[in-house]
Every structure is written in C-alpha cells, then in structure tokens.
Amino acid sequence: MDKNLILEVRELKQHFRINDRLTIKAIDGVTFGIRQGEVFGLVGESGCGKSTFARSVTGIYRPTEGEVFYRGALVSGKAADAAAVRQRQTELQTVFQDSAASLNPRMTVEEIILEPFRILPNRPNPQTQREKLLQLMKDVGMAQTYLQKRPGELSGGQRQRVAIARALITDPAFVVADEPVASLDISIQAQIISLFQHMQREHGFTFLLIAHDLSVVRFICDRVGVMLHGKLVEMAPTKELFSNPLHPYTQALLSAIHVPDPVYERNKKILEYDTKTPLGSTFEEVSEGHWLLK
Amino acid sequence: MSEPVLELKDLAVSFRTPKGEVEAVRGVDLTVNEGEILCLVGESGCGKTVLCQSVMHLLPKYSFVKRGSMSVCGEDITHYSERQMRHIRGRNCSMVFQDPLTTLNPTIPIGRQIMEAIRKQEKVSREEASHRAMELLDLVGIEDAAHRFSLQPHFFSGGMRQRCVLAIALASNPKLLFADEATTALDVTVEAKILDLLREIRQKTGIAIVFISHDLGAVARSADRVAVMYAGKIVEIGTADEIFYDPRHPYTWGLLSSLPALAAESGELRPIPGMPPSLLDPPPGDAFAERNEYALAIDYEQMPPMFPVSDTHFAATWLLDPRAPRVEPPIRLKAGSGKWTKT
C-alpha cells in the first residue's frame, strides 16, 4: 500500500434504505486514496453522492459496505482500530456548506472557534489557545471586535470565515470542505478561495474539497475525481483532467463550464451526455495517475 | 430602432425600516428594447432584485418609489394600483424566480398550472387553453408533453421544473420577462440548456429578457447587453463585448479578476477587498471608493456621472473624466481566449 496515503477507501458503499422497494445507492463502490498534503477535488452534479462521501469518510455515516482507512488503519465497521478512529477524530476537521446551520447561534465567535480544543486529549493551556485564536482571526481577515459577536450578527462570508477558523484552530492534518463557497457571492467566493489556498500552503494540511463549480476546483486542486451516480468515473491530476478528459461524462461536464468570455461562449458547443447510459465496472489506470471507469 | 419595452428614468426605491430609510435603488436609468437580453450583474444586496420587483410592483408595503418613473411598453406604471397592475403582470411583463421548487404548487398537475395562467388573462375555452399549454411545454423543450401534462411537479427534475415555470411566465405572451437568478439553483449542464432556451425563445417570440445573475459565465453566454450594479446604482452598462473586453469601471475590473475561471492560468485570484457599504446611510461620493485602489480624492465627495465611452457603453467613474490620471485596467481579457492576462 502507498505509505503516503492519509485516507483510503476500498469498495466503499453507502446505501440508504427508504422502504422495501427503494434503496438509494448514494455511493456505490468507490476505491481510491488521498495523499498526504494534497488538495483533492471531488466534483459532480447534485445528487451524485459527493456530500455523502464526505460524511462517510469523516465518520458521520456508518458505511454500508467497504472499508475506510485513515493513515493505513481501518476506521470503519466492527473491526475498526479504536486508536485510529480517535486519531481521525482529533486530526480531521470539516467545513460545511451552510455556515448559518453549522454554527451554534447561541455561542459567541470566540466560543465557537475555541470549541474544537475540548476534544483534544492534550490541549494547550488557555494562554496559548488565546494566542492562536487571535492569530487565526487575523489570518482569516476578521477584526478582533467580532470575537464577542454571535453568528446572527455576521454576514455569510464572515460566518464562513469563522467556520474556517474553527476548522483550523487545532492544526488539523486533514480538512474536508463540503461546498464551502457555494452559498456565497462572487467577490466573497474569491476571498474565501484565496484564504483556503493561502492557509493550505501555510499549514500544509491535506484538503478534500467538494464542489460543483469546476472553475474553483481547477483553480485550487492538485487532483480531481469526477463522480456520477455514486461512482468515481474519472480521476486524474487537475491539468491532465482538464486538458485530456477521457470519460464522456467528464467531457460533457467540462464543456458546460461557463467561461466569462462572450466570444468564447457563443462559439462553444456543449456536449451532451445521457446519464442513463450504463456505467462500466472496472476502474483502471489508463496512464500514469489517470484513472478511468470502463 | 425598436421601441423600448422597459424604460426607467432616475428610479429610486427605498424601504422604511426601524433603523431608518434603506435606499436599495438609488437612481437608475435603463432602457430595454424589444427582443433584447439585458443582464444585470452585481453582488447580493446591490439592488438587482429590488429593481425588477419594483417594476412588477411586488415589493412589500414598507417600500416606496422615492423618485423617478418607470414605463412598460410606453405605459407609465409608476403609481399603478394593484388592480391596474393585474392587467400588466403576465400580459406585458412576467417574472421567473430563483427557486423552481417553491414557485410551483406541489399539489396541482403542471398542465393545469399553465392553463390557469392562460385563462386568467384571456377568455378561452378549456380545450383551447389545454392546447395552448401543450404548445408552451413544447416551446420550453419538454418532450412528451401530452404525457407529462397531468403530472405533479415532484415528478420533474429541477431543470424541468424551471422549464415549467418558464412556460407559465410565457403563457400570455408578455413583451418583457424578468428572470431573477433563474438558473442559479441548477447544475451547470442544465443551466447551459436553460440559457440556450432563453435565447431560442427570444428568437421565436421577440420577447425582451432582463436576466439577473451573479454568475458572469452565464452572463457571457446569454447577454446582448450587460449592466453592472453596485450599491443601488448602475455603474457600467454596455454590450457584452464592451463590458468583458473593454471594462472601464474599477468595480467591473474587480469582478472579472475575482473569477477563478479566468485566473486558472495565472494561479492568482484577486478578490475585491472589503464589503459593500450599508445602504442605510450611503456614502456621499462613489459608493465603491472605499474598496477601490484607483479611487481619486473626488470619489469620496462627489458621485461620478455616467461618462460615455461609446454610443452604447457608459461608465460612472471619475477615471473617465478628462482631468483624471490615466489608469490601465489591471487585467485584460482577450476575446475568445477564455483567460485574462495581467497588464
């Protein structure tokens, strides 16, 4: 096994049983790994299972089938390594899409950002915590006057900054961000994306970014995986994927990205992909680092 | 020259709030001609939606038109009553909202919802109306309309629902359609199809469309003309090519350079610093001055007028005044290349 993998999933399946006749297969057999220190982008249209994947690997959902490994140790199912599960708990942080729902409205910004320390087995003393807090507030571009405010008094962009600060306060090794900019304005989006990029370079954490906006993914990610119907259909380094997409679905998805350039847009042809086409079953490496579902 | 479908003259709309008067729209001059697609872009809270809703008279009671006038198809509707507006809505102008889930009634088959819109405006028989509804479903690209006619909205995907909403908006052949973030909630592939559909409908019916969006990519695909709004005012207006390839207002520069799609090659994003000003107490000068690195001293004191750049292109920035220092835009977009270069 590749030693550099911080997270690995094998044949991961996450099914939701609605009733006797209907089971939603949100994730249906996904196998891949995320390397230490890389920025991995997971893209796909709504309903393809991106968010479910994030929830399965972070331990919010219990996977139906398959295995999740964190730093080489099994963290899913009954045979899970308890020490590894705890390690994942303390090293992994999540930023959710809806910052209004993910911040407790009755806590102040200071309480929210310091809360993750509570689960750390060897947390720093209050003095160090406070210093870190002030440094992070500066890093995410918020004035100290906000520390005593509550989420209701903040704008969407500011709330998302608080959520990011909360995720980074414990110096996590792994950050999962589920559509962190989807609900924000363009200019604020740009601010948050640059912030992520800057923080990732500074702290060097592994970053799983889930997004439907391909231009964001292209801008920030090292490697990209494309999901469709709960399966990974293609995975490659960002440059390779954008210049040489092999799966027809990836090609259709890339052709639909809007480019803010009227002449380009008018001449562009959007490729069609019938999502009812049956998908292949083998995920193969077609060239160095470029995987394709055949 | 075709006749203007929508004409706004120095329109200002305010809200009475417990904290004081919020000036959401602060003097907008805008003309939309027949068969034209005009895109309104800007950050949230800049007054795009309020502008459209004030024309439709859909704003709550605590809002009021402070000054200026608006006319639709040559008819001044500034002070129309609710009763008078009922004849205008649907017949002269319609609106499509952002969320196709909440605009449709979940319990009524979509065919009947479209028929309702037709029969409210015209006295036609049930058969005639259902026939017309079927045609509308065809127009908005729903296949197998006869079968889907009697299905409730939950049988449809988001894109199809937005098509149905569009069919209802088009039911009584309006001259003007407001599409308020009509594609924002949809996936990219679906969004592209809806945008193309809007263009196609414009071709077939000659309807004028005011398309609100904050996605400049979608704007580039659909717009004939683009108006950039900031803090309740139009700061730059011109044809799509003029706005994208020859932007003159620093705010437009800022918007374009904060797009990851254009920054992919250079690997550097240049977000606009800061936040838009509060409209409770708008600054006396250029509202963008505080976030503008090119701001001149006069920007803080006096509002810039609209300077003409060409016959169709206007921008409200003091940088265009002959006395101002020459400033090169920080980035330049080469037509058809899909990426910007630093200058």
# chains A, B, ... in the order shown; residues from 1 in each chain; ligands from 1
$ residues_around --residues "Gly90 in chain B" --least-positions-apart "6" --cutoff "7 Å" --atoms "only C-alpha atoms" --output "mmCIF file with C-alpha atoms, in the first residue's frame"
data_model
loop_
_atom_site.group_PDB
_atom_site.id
_atom_site.type_symbol
_atom_site.label_atom_id
_atom_site.label_comp_id
_atom_site.auth_asym_id
_atom_site.auth_seq_id
_atom_site.Cartn_x
_atom_site.Cartn_y
_atom_site.Cartn_z
ATOM 1 C CA ALA B 169 -44.381 33.046 -17.345
ATOM 2 C CA SER B 172 -49.871 35.189 -22.062
ATOM 3 C CA PRO B 174 -45.529 39.011 -22.375
#
$ interface_residues --of "chain B" --to "chain A" --cutoff "7 Å" --atoms "only C-alpha atoms" --output "compact mmCIF listing (two decimals) with N, CA and C atoms, in the first residue's frame"
# COMPACT_ATOMS: atom_id res chain seq x y z
N GLU B 43 -23.17 42.12 -6.80
CA GLU B 43 -23.18 41.31 -5.59
C GLU B 43 -24.57 41.30 -4.97
N SER B 44 -24.81 40.38 -4.04
CA SER B 44 -26.13 40.39 -3.41
C SER B 44 -26.27 41.66 -2.60
N ASP B 187 -27.74 22.72 -11.89
CA ASP B 187 -26.41 22.23 -12.24
C ASP B 187 -25.91 22.88 -13.53
N VAL B 188 -24.58 22.91 -13.71
CA VAL B 188 -24.03 23.60 -14.88
C VAL B 188 -24.58 23.11 -16.21
N THR B 189 -24.68 21.80 -16.38
CA THR B 189 -25.13 21.29 -17.68
C THR B 189 -26.57 21.70 -17.94
N ALA B 192 -26.80 25.55 -18.66
CA ALA B 192 -26.46 25.90 -20.03
C ALA B 192 -27.65 25.70 -20.95
N HIS B 214 -25.43 36.53 -10.78
CA HIS B 214 -24.12 36.97 -10.35
C HIS B 214 -23.05 36.07 -10.94
N LEU B 216 -20.94 35.48 -13.90
CA LEU B 216 -20.54 36.18 -15.12
C LEU B 216 -20.37 35.23 -16.30
N GLY B 217 -20.14 33.96 -16.02
CA GLY B 217 -20.04 32.98 -17.10
C GLY B 217 -21.38 32.83 -17.80
N ALA B 218 -22.45 32.71 -17.00
CA ALA B 218 -23.79 32.59 -17.56
C ALA B 218 -24.15 33.86 -18.32
N ALA B 220 -22.06 35.87 -19.88
CA ALA B 220 -21.32 35.89 -21.14
C ALA B 220 -22.03 35.05 -22.19
N ARG B 221 -22.66 33.98 -21.75
CA ARG B 221 -23.31 33.10 -22.70
C ARG B 221 -24.60 33.70 -23.25
N ALA B 240 -22.25 43.21 -24.33
CA ALA B 240 -21.48 42.17 -23.64
C ALA B 240 -19.99 42.27 -24.00
N ASP B 241 -19.70 42.49 -25.26
CA ASP B 241 -18.30 42.57 -25.67
C ASP B 241 -17.60 43.75 -25.02
N PHE B 244 -16.98 42.94 -21.22
CA PHE B 244 -15.98 41.90 -20.94
C PHE B 244 -14.60 42.24 -21.49
N LEU B 255 -14.65 42.57 -10.39
CA LEU B 255 -15.49 41.38 -10.59
C LEU B 255 -14.80 40.39 -11.51
N SER B 258 -11.84 38.56 -9.98
CA SER B 258 -12.06 37.63 -8.88
C SER B 258 -12.69 36.33 -9.35
N LEU B 259 -12.69 36.08 -10.65
CA LEU B 259 -13.28 34.84 -11.16
C LEU B 259 -12.22 33.75 -11.29
N PRO B 260 -12.41 32.63 -10.61
CA PRO B 260 -11.43 31.56 -10.73
C PRO B 260 -11.32 31.03 -12.15
N ALA B 261 -12.42 31.09 -12.91
CA ALA B 261 -12.39 30.57 -14.28
C ALA B 261 -11.35 31.28 -15.12
N ALA B 264 -7.34 30.71 -13.73
CA ALA B 264 -6.75 29.37 -13.66
C ALA B 264 -5.31 29.34 -14.15
N GLY B 267 -2.89 31.38 -11.81
CA GLY B 267 -2.79 30.81 -10.47
C GLY B 267 -2.97 31.82 -9.37
N LEU B 269 -5.68 34.69 -7.66
CA LEU B 269 -7.01 35.27 -7.62
C LEU B 269 -6.88 36.65 -7.01
N PRO B 271 -9.27 38.95 -5.30
CA PRO B 271 -10.58 39.33 -4.80
C PRO B 271 -10.68 40.82 -4.52
N ILE B 272 -11.90 41.35 -4.58
CA ILE B 272 -12.12 42.74 -4.20
C ILE B 272 -12.07 42.79 -2.68
N ALA B 335 -10.39 38.45 -26.48
CA ALA B 335 -11.64 37.87 -26.99
C ALA B 335 -11.44 36.44 -27.44
N GLY B 336 -12.26 35.55 -26.91
CA GLY B 336 -12.25 34.17 -27.36
C GLY B 336 -11.21 33.29 -26.72
N SER B 337 -10.37 33.85 -25.86
CA SER B 337 -9.30 33.04 -25.28
C SER B 337 -9.75 32.38 -23.98
N GLY B 338 -10.71 33.01 -23.28
CA GLY B 338 -11.20 32.43 -22.04
C GLY B 338 -10.26 32.61 -20.87
$ select_by_dssp --residues "range 42-174 of chain B" --states "strand (DSSP E)" --output "VMD selection string"
chain B and resid 63 to 72 75 to 76 93 to 96
$ atom_distance --atom1 "CA of Pro250 in chain B" --atom2 "CA of Leu279 in chain B"
20.0 Å
$ residues_around --residues "Glu122 in chain B" --least-positions-apart "6" --cutoff "12 Å" --atoms "only C-alpha atoms" --output "PDB file with C-alpha atoms, in the first residue's frame"
ATOM      1  CA  HIS B  87     -53.547  43.706 -16.308  1.00  0.00           C
ATOM      2  CA  GLY B  90     -48.424  38.366 -17.240  1.00  0.00           C
ATOM      3  CA  ARG B  91     -49.666  40.298 -20.254  1.00  0.00           C
ATOM      4  CA  MET B 115     -53.794  26.651 -18.099  1.00  0.00           C
ATOM      5  CA  GLU B 116     -54.583  28.760 -15.055  1.00  0.00           C
ATOM      6  CA  GLU B 128     -58.232  25.830 -26.244  1.00  0.00           C
ATOM      7  CA  ALA B 129     -56.260  26.543 -23.067  1.00  0.00           C
ATOM      8  CA  ARG B 132     -52.045  26.236 -25.806  1.00  0.00           C
ATOM      9  CA  ALA B 171     -48.370  31.873 -21.060  1.00  0.00           C
ATOM     10  CA  SER B 172     -49.871  35.189 -22.062  1.00  0.00           C
ATOM     11  CA  ASN B 173     -47.208  36.345 -24.500  1.00  0.00           C
TER      12      ASN B 173
END
$ atom_distance --atom1 "CA of Gln14 in chain A" --atom2 "CA of Ser281 in chain A"
16.9 Å
$ atom_distance --atom1 "CA of Arg35 in chain A" --atom2 "CA of Ser102 in chain A"
27.4 Å
$ closest_residue --among "B:Leu6, B:Val96, B:Leu137, B:Met85" --to "Val72 in chain B" --atoms "only C-alpha atoms"
B:Leu6
$ select_by_dssp --residues "range 142-264 of chain B" --states "helix (DSSP H, G or I)" --output "count of residues only"
62
$ residues_around --residues "Val25 in chain B" --least-positions-apart "2" --cutoff "9 Å" --atoms "only C-alpha atoms" --output "MDAnalysis selection string"
chainID B and resid 11:14 22:23 27:28 46:48 50:51 231:233
$ residues_around --residues "Cys48 in chain A" --least-positions-apart "5" --cutoff "10 Å" --atoms "only C-alpha atoms" --output "number ranges by chain"
A: 25-27, 43, 53, 226-232
$ residues_around --residues "range 139-155 of chain B" --least-positions-apart "4" --cutoff "8 Å" --atoms "only C-alpha atoms" --output "list in words"
Leu104, Asn105, Pro106, Thr107, Ile108, Pro109, Ile110, Gly111, Arg112, Met134, Glu135, Met160, Arg161, Arg163, Cys164, Leu166, Ala167, Leu197 and Ile201 of chain B
$ residues_around --residues "Arg225 in chain B" --least-positions-apart "2" --cutoff "8 Å" --atoms "only C-alpha atoms" --output "list in words"
Glu36, Ile37, Leu38, Cys39, Ala223, Ala227, Ile237, Gly238, Thr239 and Ala240 of chain B
$ write_last_selection --atoms "N, CA and C atoms" --output "mmCIF file, in the first residue's frame"
data_model
loop_
_atom_site.group_PDB
_atom_site.id
_atom_site.type_symbol
_atom_site.label_atom_id
_atom_site.label_comp_id
_atom_site.auth_asym_id
_atom_site.auth_seq_id
_atom_site.Cartn_x
_atom_site.Cartn_y
_atom_site.Cartn_z
ATOM 1 N N GLU B 36 -34.385 42.014 -26.760
ATOM 2 C CA GLU B 36 -33.020 42.154 -26.276
ATOM 3 C C GLU B 36 -32.852 41.378 -24.961
ATOM 4 N N ILE B 37 -31.684 40.815 -24.741
ATOM 5 C CA ILE B 37 -31.410 40.195 -23.446
ATOM 6 C C ILE B 37 -30.428 41.083 -22.690
ATOM 7 N N LEU B 38 -30.920 41.668 -21.611
ATOM 8 C CA LEU B 38 -30.064 42.525 -20.800
ATOM 9 C C LEU B 38 -29.758 41.790 -19.499
ATOM 10 N N CYS B 39 -28.481 41.714 -19.146
ATOM 11 C CA CYS B 39 -28.129 41.046 -17.897
ATOM 12 C C CYS B 39 -27.776 42.073 -16.841
ATOM 13 N N ALA B 223 -26.007 37.194 -22.710
ATOM 14 C CA ALA B 223 -26.348 38.610 -22.766
ATOM 15 C C ALA B 223 -26.078 39.259 -24.114
ATOM 16 N N ALA B 227 -25.523 45.230 -17.644
ATOM 17 C CA ALA B 227 -25.493 46.373 -16.734
ATOM 18 C C ALA B 227 -24.906 45.895 -15.414
ATOM 19 N N ILE B 237 -22.579 50.178 -18.062
ATOM 20 C CA ILE B 237 -23.523 49.482 -18.940
ATOM 21 C C ILE B 237 -22.965 49.516 -20.353
ATOM 22 N N GLY B 238 -23.129 48.415 -21.068
ATOM 23 C CA GLY B 238 -22.637 48.356 -22.435
ATOM 24 C C GLY B 238 -22.978 47.022 -23.052
ATOM 25 N N THR B 239 -22.583 46.801 -24.298
ATOM 26 C CA THR B 239 -22.813 45.494 -24.898
ATOM 27 C C THR B 239 -21.908 44.485 -24.184
ATOM 28 N N ALA B 240 -22.245 43.208 -24.326
ATOM 29 C CA ALA B 240 -21.478 42.172 -23.637
ATOM 30 C C ALA B 240 -19.992 42.274 -23.995
#
$ closest_residue --among "B:Tyr80, B:Tyr230, B:Phe97, B:Phe314" --to "Val165 in chain B" --atoms "only C-alpha atoms"
B:Phe97
$ decode --residues "range 222-254 of chain A" --atoms "N, CA and C atoms" --output "compact mmCIF listing (two decimals), in the first residue's frame"
# COMPACT_ATOMS: atom_id res chain seq x y z
N ASP A 222 -4.95 19.85 -6.72
CA ASP A 222 -3.87 19.13 -7.36
C ASP A 222 -4.42 17.98 -8.19
N ARG A 223 -5.41 17.30 -7.58
CA ARG A 223 -6.01 16.15 -8.25
C ARG A 223 -7.52 16.25 -8.18
N VAL A 224 -8.19 15.73 -9.18
CA VAL A 224 -9.65 15.84 -9.22
C VAL A 224 -10.27 14.48 -9.50
N GLY A 225 -11.36 14.19 -8.80
CA GLY A 225 -12.15 13.00 -9.08
C GLY A 225 -13.54 13.43 -9.52
N VAL A 226 -14.07 12.76 -10.54
CA VAL A 226 -15.40 13.11 -11.03
C VAL A 226 -16.36 11.99 -10.63
N MET A 227 -17.45 12.36 -9.98
CA MET A 227 -18.41 11.35 -9.53
C MET A 227 -19.69 11.41 -10.34
N LEU A 228 -20.28 10.24 -10.54
CA LEU A 228 -21.57 10.16 -11.22
C LEU A 228 -22.30 8.95 -10.65
N HIS A 229 -23.54 9.14 -10.25
CA HIS A 229 -24.35 8.04 -9.71
C HIS A 229 -23.62 7.25 -8.64
N GLY A 230 -22.92 7.92 -7.75
CA GLY A 230 -22.26 7.22 -6.66
C GLY A 230 -21.00 6.47 -7.04
N LYS A 231 -20.53 6.68 -8.25
CA LYS A 231 -19.29 6.03 -8.66
C LYS A 231 -18.29 7.08 -9.10
N LEU A 232 -17.02 6.75 -8.94
CA LEU A 232 -15.99 7.63 -9.45
C LEU A 232 -15.77 7.24 -10.91
N VAL A 233 -16.02 8.16 -11.85
CA VAL A 233 -15.87 7.77 -13.25
C VAL A 233 -14.49 8.14 -13.81
N GLU A 234 -13.87 9.16 -13.23
CA GLU A 234 -12.55 9.52 -13.71
C GLU A 234 -11.79 10.23 -12.62
N MET A 235 -10.48 10.02 -12.59
CA MET A 235 -9.66 10.68 -11.58
C MET A 235 -8.29 10.93 -12.20
N ALA A 236 -7.80 12.16 -12.08
CA ALA A 236 -6.51 12.49 -12.68
C ALA A 236 -5.99 13.76 -12.05
N PRO A 237 -4.68 14.04 -12.23
CA PRO A 237 -4.18 15.35 -11.82
C PRO A 237 -4.94 16.45 -12.56
N THR A 238 -5.15 17.59 -11.91
CA THR A 238 -6.02 18.63 -12.45
C THR A 238 -5.71 19.00 -13.89
N LYS A 239 -4.44 19.25 -14.17
CA LYS A 239 -4.05 19.67 -15.53
C LYS A 239 -4.44 18.62 -16.55
N GLU A 240 -4.11 17.36 -16.21
CA GLU A 240 -4.40 16.24 -17.10
C GLU A 240 -5.90 16.11 -17.34
N LEU A 241 -6.68 16.21 -16.27
CA LEU A 241 -8.12 16.03 -16.40
C LEU A 241 -8.74 17.12 -17.28
N PHE A 242 -8.27 18.36 -17.09
CA PHE A 242 -8.88 19.45 -17.83
C PHE A 242 -8.40 19.50 -19.28
N SER A 243 -7.19 18.97 -19.54
CA SER A 243 -6.71 19.04 -20.91
C SER A 243 -7.03 17.76 -21.68
N ASN A 244 -7.18 16.66 -20.95
CA ASN A 244 -7.39 15.40 -21.64
C ASN A 244 -8.45 14.55 -20.94
N PRO A 245 -9.70 15.05 -20.91
CA PRO A 245 -10.75 14.26 -20.26
C PRO A 245 -11.10 13.06 -21.13
N LEU A 246 -11.22 11.88 -20.52
CA LEU A 246 -11.46 10.68 -21.32
C LEU A 246 -12.90 10.18 -21.23
N HIS A 247 -13.48 10.28 -20.05
CA HIS A 247 -14.85 9.78 -19.91
C HIS A 247 -15.84 10.76 -20.55
N PRO A 248 -16.80 10.25 -21.32
CA PRO A 248 -17.76 11.17 -21.97
C PRO A 248 -18.48 12.09 -20.99
N TYR A 249 -18.73 11.58 -19.77
CA TYR A 249 -19.41 12.43 -18.79
C TYR A 249 -18.52 13.60 -18.38
N THR A 250 -17.24 13.31 -18.15
CA THR A 250 -16.30 14.38 -17.80
C THR A 250 -16.23 15.40 -18.93
N GLN A 251 -16.19 14.89 -20.16
CA GLN A 251 -16.13 15.79 -21.31
C GLN A 251 -17.36 16.70 -21.35
N ALA A 252 -18.53 16.10 -21.10
CA ALA A 252 -19.76 16.91 -21.12
C ALA A 252 -19.74 17.94 -20.00
N LEU A 253 -19.28 17.50 -18.83
CA LEU A 253 -19.24 18.40 -17.68
C LEU A 253 -18.29 19.57 -17.94
N LEU A 254 -17.13 19.27 -18.49
CA LEU A 254 -16.15 20.33 -18.76
C LEU A 254 -16.66 21.28 -19.83
